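Trainee: Handing over work.cif, mmCIF, C-alpha atoms.
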data_target
loop_
_atom_site.label_atom_id
_atom_site.label_comp_id
_atom_site.auth_asym_id
_atom_site.auth_seq_id
_atom_site.Cartn_x
_atom_site.Cartn_y
_atom_site.Cartn_z
CA MET F 64 -71.62 152.78 43.68
CA PRO F 65 -73.02 155.76 41.71
CA GLN F 66 -71.43 159.11 42.51
CA MET F 67 -73.40 161.84 44.23
CA ASP F 68 -72.56 165.20 42.71
CA ARG F 69 -72.07 167.37 45.77
CA TYR F 70 -72.27 170.56 43.71
CA LYS F 71 -75.53 169.90 41.83
CA ASN F 72 -77.28 167.44 44.17
CA ARG F 73 -77.68 164.77 41.49
CA THR F 74 -76.62 161.17 40.94
CA VAL F 75 -73.96 160.50 38.32
CA ASN F 76 -74.01 156.84 37.34
CA ILE F 77 -70.29 156.21 37.00
CA GLU F 78 -67.68 154.35 39.00
CA PHE F 79 -63.90 154.05 38.85
CA ALA F 80 -62.02 151.05 40.24
CA ALA F 81 -58.33 151.78 40.76
CA VAL F 82 -57.80 148.03 41.27
CA GLU F 83 -60.07 145.91 39.09
CA ASP F 84 -60.16 142.31 40.36
CA PHE F 85 -62.43 140.96 37.57
CA SER F 86 -64.72 139.26 40.08
CA HIS F 87 -67.96 141.13 39.29
CA LEU F 88 -67.77 141.76 35.55
CA PRO F 89 -69.72 142.98 33.78
CA TYR F 90 -71.27 145.52 36.10
CA PRO F 91 -75.10 145.58 36.02
CA GLU F 92 -76.66 148.17 33.70
CA ARG F 93 -73.30 149.66 32.79
CA LEU F 94 -70.67 149.66 30.12
CA THR F 95 -67.19 148.99 31.44
CA LEU F 96 -63.84 150.09 30.07
CA ILE F 97 -60.92 148.13 31.51
CA PHE F 98 -57.28 149.18 31.10
CA ILE F 99 -54.85 146.32 31.78
CA THR F 100 -51.44 147.75 32.67
CA SER F 101 -49.54 144.56 33.50
CA GLY F 102 -49.93 140.81 33.29
CA SER F 103 -52.64 139.05 31.30
CA ILE F 104 -56.07 137.47 31.58
CA SER F 105 -57.77 134.69 29.70
CA GLY F 106 -61.33 133.50 29.85
CA ILE F 107 -64.64 133.10 28.05
CA LEU F 108 -66.60 136.09 26.77
CA ASN F 109 -70.04 135.31 25.37
CA GLU F 110 -69.02 131.67 24.76
CA ARG F 111 -65.81 132.64 22.93
CA PRO F 112 -62.25 132.32 24.23
CA ILE F 113 -60.55 135.62 24.92
CA SER F 114 -57.09 136.60 26.10
CA ILE F 115 -55.57 140.02 26.62
CA ALA F 116 -52.02 140.81 27.63
CA ALA F 117 -50.82 144.16 28.94
CA PRO F 118 -50.93 146.81 27.84
CA GLY F 119 -54.44 146.21 26.62
CA VAL F 120 -58.04 147.31 26.82
CA LEU F 121 -61.24 145.32 27.29
CA CYS F 122 -64.72 146.76 26.62
CA LEU F 123 -67.73 145.07 28.19
CA ALA F 124 -71.44 145.78 27.78
CA GLU F 125 -74.02 145.28 30.50
CA ASN F 126 -75.44 142.08 28.98
CA ASP F 127 -72.12 140.35 28.30
CA GLU F 128 -71.27 137.05 29.97
CA MET F 129 -67.66 137.04 31.14
CA LYS F 130 -65.84 134.23 32.92
CA VAL F 131 -62.19 134.74 33.83
CA ILE F 132 -60.30 131.44 33.76
CA GLU F 133 -56.79 132.63 34.56
CA LYS F 134 -55.06 135.79 35.72
CA GLN F 135 -51.29 136.11 35.49
CA ASN F 136 -49.85 138.94 37.59
CA VAL F 137 -52.58 141.19 36.26
CA ALA F 138 -53.05 144.82 37.28
CA ALA F 139 -55.93 146.80 35.82
CA GLN F 140 -58.21 149.79 36.30
CA SER F 141 -61.82 150.11 35.18
CA PHE F 142 -64.30 152.87 34.43
CA SER F 143 -67.95 151.84 34.34
CA PHE F 144 -70.85 154.05 33.35
CA HIS F 145 -74.55 153.96 32.62
CA ARG F 146 -75.45 154.74 29.01
CA GLU F 147 -77.30 157.84 30.24
CA PHE F 148 -73.94 159.31 31.26
CA LEU F 149 -73.19 159.68 27.55
CA ASN F 150 -76.16 161.99 27.06
CA SER F 151 -75.44 165.71 26.76
CA VAL F 152 -77.58 168.56 28.02
CA THR F 153 -79.74 170.00 25.26
CA LEU F 154 -79.54 173.77 25.21
CA SER F 155 -82.84 175.62 24.88
CA GLU F 156 -81.76 177.31 21.64
CA THR F 157 -81.00 173.93 20.00
CA GLN F 158 -84.16 172.08 20.94
CA GLY F 159 -85.81 172.88 17.64
CA TYR F 160 -82.92 171.34 15.70
CA PHE F 161 -82.26 168.16 17.67
CA PRO F 162 -85.23 165.87 18.39
CA SER F 163 -83.43 164.27 21.34
CA ALA F 164 -80.42 164.94 23.50
CA PRO F 165 -77.12 164.39 21.65
CA ARG F 166 -75.02 161.49 22.88
CA ILE F 167 -71.31 160.77 22.90
CA GLN F 168 -70.68 158.24 20.12
CA THR F 169 -66.88 158.06 20.11
CA GLY F 170 -65.73 154.47 20.55
CA LEU F 171 -69.14 153.02 21.37
CA SER F 172 -68.77 150.40 18.63
CA PHE F 173 -66.22 148.63 20.86
CA PHE F 174 -69.05 147.74 23.25
CA GLU F 175 -71.36 146.30 20.60
CA SER F 176 -72.01 142.56 20.37
CA ASP F 177 -70.67 142.24 16.82
CA TYR F 178 -67.26 143.67 17.72
CA PRO F 179 -64.93 140.63 17.88
CA ASN F 180 -63.68 139.70 21.36
CA ARG F 181 -64.04 143.28 22.72
CA GLY F 182 -60.27 143.49 23.02
CA LEU F 183 -58.44 146.19 21.14
CA PRO F 184 -55.25 145.93 19.09
CA ARG F 185 -51.99 146.25 20.96
CA VAL F 186 -51.51 149.58 22.66
CA THR F 187 -48.50 151.22 21.06
CA GLU F 188 -45.49 152.56 22.91
CA LYS F 189 -46.58 156.11 22.17
CA ALA F 190 -50.22 155.57 23.13
CA TYR F 191 -49.57 153.83 26.45
CA PRO F 192 -48.37 156.86 28.49
CA LEU F 193 -51.32 158.91 27.22
CA LEU F 194 -53.85 156.25 28.20
CA PHE F 195 -52.15 155.79 31.56
CA GLU F 196 -52.26 159.54 32.26
CA TRP F 197 -55.86 159.98 31.13
CA PHE F 198 -57.08 157.00 33.15
CA PHE F 199 -55.29 158.37 36.20
CA VAL F 200 -56.83 161.81 35.85
CA LEU F 201 -60.26 160.35 35.12
CA GLY F 202 -60.10 158.24 38.28
CA THR F 203 -58.88 161.19 40.33
CA GLU F 204 -61.76 163.35 39.13
CA VAL F 205 -64.33 160.67 40.01
CA GLN F 206 -63.05 160.56 43.58
CA ALA F 207 -62.18 164.22 44.14
CA GLN F 208 -64.96 166.16 42.37
CA SER F 209 -62.59 169.13 42.44
CA ASP F 210 -65.20 171.64 41.26
CA GLU F 211 -68.70 171.83 39.77
CA ARG F 212 -67.43 170.92 36.28
CA TRP F 213 -65.89 167.62 37.36
CA ALA F 214 -68.37 165.49 35.38
CA CYS F 215 -67.64 167.50 32.23
CA ARG F 216 -63.94 166.82 32.60
CA ILE F 217 -64.61 163.11 32.98
CA LYS F 218 -66.53 163.18 29.71
CA LYS F 219 -63.62 165.04 28.14
CA TYR F 220 -61.11 162.40 29.18
CA PHE F 221 -63.51 159.63 28.18
CA ILE F 222 -63.77 161.12 24.68
CA GLN F 223 -59.97 161.45 24.49
CA ILE F 224 -59.47 157.84 25.57
CA MET F 225 -62.07 156.39 23.20
CA GLY F 226 -60.84 158.57 20.34
CA LEU F 227 -57.31 157.28 20.79
CA LEU F 228 -58.57 153.71 20.89
CA GLU F 229 -60.45 154.30 17.64
CA ASP F 230 -57.23 155.56 16.06
CA LEU F 231 -55.34 152.50 17.26
CA ASN F 232 -58.06 150.27 15.87
CA CYS F 233 -57.97 151.95 12.45
CA ASN F 234 -54.20 152.12 12.15
CA ASN F 235 -53.16 148.85 13.77
CA GLU F 236 -55.93 146.40 13.02
CA GLN F 237 -54.75 142.88 13.76
CA SER F 238 -55.05 140.11 11.22
CA PRO F 239 -56.64 136.83 12.31
CA VAL F 240 -53.13 135.34 12.52
CA ASP F 241 -52.07 138.12 14.92
CA VAL F 242 -55.08 137.36 17.10
CA VAL F 243 -54.30 133.64 17.18
CA LEU F 244 -50.61 134.24 17.85
CA GLU F 245 -51.50 136.41 20.82
CA TYR F 246 -53.90 133.73 22.05
CA ILE F 247 -51.22 131.04 21.74
CA HIS F 248 -48.55 133.13 23.45
CA THR F 249 -50.91 133.84 26.34
CA ASN F 250 -52.56 130.42 26.75
CA TYR F 251 -49.97 127.85 25.63
CA PRO F 252 -49.75 126.29 29.15
CA GLN F 253 -53.43 125.34 28.86
CA LYS F 254 -55.13 122.73 26.73
CA ILE F 255 -55.73 124.28 23.29
CA SER F 256 -57.56 122.63 20.41
CA LEU F 257 -57.74 123.61 16.76
CA GLU F 258 -61.37 124.53 17.40
CA ASP F 259 -60.23 127.01 20.06
CA LEU F 260 -57.94 128.66 17.51
CA THR F 261 -60.54 128.79 14.73
CA ASN F 262 -63.08 130.28 17.13
CA CYS F 263 -60.51 132.85 18.19
CA ALA F 264 -59.84 133.86 14.57
CA HIS F 265 -63.47 133.50 13.40
CA LEU F 266 -62.19 131.39 10.48
CA ASN F 267 -62.55 127.77 9.41
CA ARG F 268 -59.52 125.51 9.83
CA VAL F 269 -58.61 125.43 6.14
CA THR F 270 -58.44 129.23 5.85
CA LEU F 271 -56.65 129.62 9.17
CA ASN F 272 -54.01 127.02 8.31
CA LYS F 273 -53.48 128.57 4.88
CA MET F 274 -52.87 131.98 6.47
CA PHE F 275 -50.53 130.43 9.03
CA GLN F 276 -48.57 128.64 6.31
CA GLU F 277 -48.10 131.91 4.45
CA ARG F 278 -47.09 133.81 7.59
CA CYS F 279 -45.25 131.23 9.74
CA GLY F 280 -44.46 128.33 7.42
CA THR F 281 -46.55 125.88 9.43
CA THR F 282 -50.12 125.17 10.50
CA ALA F 283 -51.68 126.81 13.54
CA ILE F 284 -51.29 123.65 15.65
CA GLY F 285 -47.77 123.21 14.28
CA TYR F 286 -46.90 126.70 15.49
CA LEU F 287 -48.45 125.97 18.89
CA LEU F 288 -46.24 122.89 19.25
CA SER F 289 -43.09 124.73 18.18
CA HIS F 290 -43.80 127.57 20.62
CA ARG F 291 -44.33 125.13 23.48
CA LEU F 292 -41.05 123.38 22.66
CA LYS F 293 -39.24 126.71 22.47
CA VAL F 294 -40.42 127.66 25.95
CA ALA F 295 -39.59 124.16 27.18
CA GLY F 296 -36.05 124.55 25.80
CA ASP F 297 -35.62 127.78 27.75
CA LEU F 298 -36.85 126.09 30.92
CA LEU F 299 -34.48 123.16 30.39
CA THR F 300 -31.53 125.50 29.99
CA HIS F 301 -32.29 128.06 32.66
CA THR F 302 -34.15 126.18 35.42
CA ASP F 303 -33.86 122.95 37.39
CA MET F 304 -37.50 122.04 36.90
CA ASN F 305 -38.04 118.32 36.34
CA LEU F 306 -39.41 117.05 33.04
CA ASN F 307 -42.89 116.46 34.39
CA ASP F 308 -43.16 120.05 35.68
CA ILE F 309 -41.81 121.45 32.40
CA ALA F 310 -44.30 119.36 30.46
CA ARG F 311 -47.22 120.72 32.46
CA ALA F 312 -45.89 124.28 32.34
CA THR F 313 -45.80 124.19 28.56
CA GLY F 314 -49.14 122.57 27.83
CA PHE F 315 -48.19 118.88 27.51
CA GLU F 316 -50.51 116.63 29.48
CA TYR F 317 -47.93 113.88 30.01
CA ASP F 318 -44.16 114.02 30.32
CA THR F 319 -43.84 110.96 28.06
CA TYR F 320 -45.60 112.81 25.23
CA PHE F 321 -43.45 115.88 25.88
CA ILE F 322 -40.25 113.78 25.70
CA LYS F 323 -41.42 112.11 22.49
CA GLN F 324 -42.26 115.42 20.78
CA PHE F 325 -39.11 117.16 21.99
CA THR F 326 -36.87 114.31 20.86
CA SER F 327 -38.59 114.12 17.48
CA LYS F 328 -38.35 117.87 16.76
CA ARG F 329 -34.95 118.62 18.34
CA GLY F 330 -33.16 115.38 17.49
CA MET F 331 -32.17 114.72 21.10
CA SER F 332 -33.86 114.00 24.41
CA PRO F 333 -34.73 116.84 26.80
CA THR F 334 -32.09 115.62 29.24
CA THR F 335 -29.38 115.64 26.57
CA TYR F 336 -30.52 119.05 25.39
CA ARG F 337 -30.33 120.40 28.96
CA THR F 338 -26.75 119.17 29.35
CA MET F 339 -25.56 120.46 25.97
CA SER F 340 -27.32 123.81 26.15
CA ARG F 341 -25.87 124.51 29.59
CA LYS F 342 -22.37 123.66 28.41
CA PHE F 343 -22.83 125.96 25.42
CA SER F 344 -24.21 128.75 27.62
CA ALA F 345 -21.22 128.45 29.96
CA VAL F 346 -18.82 128.94 27.06
CA GLN F 347 -20.55 132.12 25.83
#
What would you get if you wrote out this structure as structure tokens?

Mentor:
Amino acid sequence: MPQMDRYKNRTVNIEFAAVEDFSHLPYPERLTLIFITSGSISGILNERPISIAAPGVLCLAENDEMKVIEKQNVAAQSFSFHREFLNSVTLSETQGYFPSAPRIQTGLSFFESDYPNRGLPRVTEKAYPLLFEWFFVLGTEVQAQSDERWACRIKKYFIQIMGLLEDLNCNNEQSPVDVVLEYIHTNYPQKISLEDLTNCAHLNRVTLNKMFQERCGTTAIGYLLSHRLKVAGDLLTHTDMNLNDIARATGFEYDTYFIKQFTSKRGMSPTTYRTMSRKFSAVQ
């Protein structure tokens, strides 16, 4: 709900959700900034697959179409605001110089339709505590309205947050391979096609596979298979899950296909691997 400014008897079209459940996104007529502090989400944004793991940020515009497919232990906060909230008061002495009210521009490109996926590069170890603190204070100010300048302070923290995100974007821009790797690591238990990966990277399959060969020594689908088998190996060693459950947990539709792939790549059956790896682990 919009906030009623109890000091100036006006409506301020902003809202802060301390616990964002992703059930009503995007909010009507508002831009929404979501800070994911733990877990991960995957879904479809404007007909494109998207996945974000914590710590991460998602920016949504009012006309976006967002469908969350899976949430894994996710915790997130959100700040939503009408575009008019970005407008600044025009002082009388500046009206002759500015034809319209100035508007906050910092970070607004993240909400535009041509910005890929609306997810930002990984939040660095140094940036995370700052974002966490600023989101906390921003949310507190929305609820408390501690004095008549509360809305100004919210704009201040908004500018700080978006400015930091712009810096992260400039200094840590992910390559298409990074984006696909993150998608694989987040969604490997699900059915993933080469088309999903090319859509994620915004590249054709030839270019994507060439980049993967240079970076990882294999194709994109080859990397997906090796990652699934790696996770399966850990589950074989460290859990008592049966082969069918491990197959489904790592993205293989059938346990027979999982056994065939595992045996081919590892040179032994999953059952033999489980026995040998546990003996080796016991010796260590």

Trainee: Using only C-alpha atoms, give me every residue within 7 Å of (-44.2, 118.9, 19.9) in file coordinates, as a list in words.

Mentor: Leu288, Ser289, Leu292, Phe321, Gln324, Phe325 and Lys328 of chain F

Trainee: Work out how far CA of Ile132 in chain F is from CA of Phe221 in chain F, in Å to one decimal.

Mentor: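 One can read the CA of Phe221 in chain F to CA of Ile132 in chain F distance as 28.9 Å.
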
Trainee: CA of Trp197 in chain F and CA of Phe79 in chain F, how far apart in Å?

Mentor: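 These atoms are spaced 12.6 Å apart.
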
Trainee: So, counting all atoms listed in the file, which residue among F:Ile115, F:Ala310, F:Ala214, F:Leu227 is closest to Leu244 in chain F?

Mentor: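 Closest to Leu244 in chain F of all the choices is F:Ile115.
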
Trainee: Given the PyMOL selection byres ((chain F and resi 85-96) around 8) and the file above, list the residues it selects as a list in words.

Mentor: Glu83, Asp84, Ile97, Phe98, Val120, Leu121, Cys122, Leu123, Ala124, Glu125, Asn126, Asp127, Glu128, Met129, Val131, Ser141, Phe142, Ser143, Phe144, His145, Arg146 and Phe174 of chain F

Trainee: Please, could you write that set of residues out with C-alpha atoms as a PDB file, in the coordinates of the input?

Mentor:
ATOM      1  CA  GLU F  83     -60.070 145.910  39.090  1.00  0.00           C
ATOM      2  CA  ASP F  84     -60.160 142.310  40.360  1.00  0.00           C
ATOM      3  CA  ILE F  97     -60.920 148.130  31.510  1.00  0.00           C
ATOM      4  CA  PHE F  98     -57.280 149.180  31.100  1.00  0.00           C
ATOM      5  CA  VAL F 120     -58.040 147.310  26.820  1.00  0.00           C
ATOM      6  CA  LEU F 121     -61.240 145.320  27.290  1.00  0.00           C
ATOM      7  CA  CYS F 122     -64.720 146.760  26.620  1.00  0.00           C
ATOM      8  CA  LEU F 123     -67.730 145.070  28.190  1.00  0.00           C
ATOM      9  CA  ALA F 124     -71.440 145.780  27.780  1.00  0.00           C
ATOM     10  CA  GLU F 125     -74.020 145.280  30.500  1.00  0.00           C
ATOM     11  CA  ASN F 126     -75.440 142.080  28.980  1.00  0.00           C
ATOM     12  CA  ASP F 127     -72.120 140.350  28.300  1.00  0.00           C
ATOM     13  CA  GLU F 128     -71.270 137.050  29.970  1.00  0.00           C
ATOM     14  CA  MET F 129     -67.660 137.040  31.140  1.00  0.00           C
ATOM     15  CA  VAL F 131     -62.190 134.740  33.830  1.00  0.00           C
ATOM     16  CA  SER F 141     -61.820 150.110  35.180  1.00  0.00           C
ATOM     17  CA  PHE F 142     -64.300 152.870  34.430  1.00  0.00           C
ATOM     18  CA  SER F 143     -67.950 151.840  34.340  1.00  0.00           C
ATOM     19  CA  PHE F 144     -70.850 154.050  33.350  1.00  0.00           C
ATOM     20  CA  HIS F 145     -74.550 153.960  32.620  1.00  0.00           C
ATOM     21  CA  ARG F 146     -75.450 154.740  29.010  1.00  0.00           C
ATOM     22  CA  PHE F 174     -69.050 147.740  23.250  1.00  0.00           C
TER      23      PHE F 174
END

Trainee: Would you mind listing what lies within 10 Å of range 270-279 of chain F as a PyMOL selection string, with all atoms listed in the file counted and same-chain residues fewer than 3 positions away left out?

Mentor: chain F and resi 238-241+243-244+257+260-261+264-267+282-286
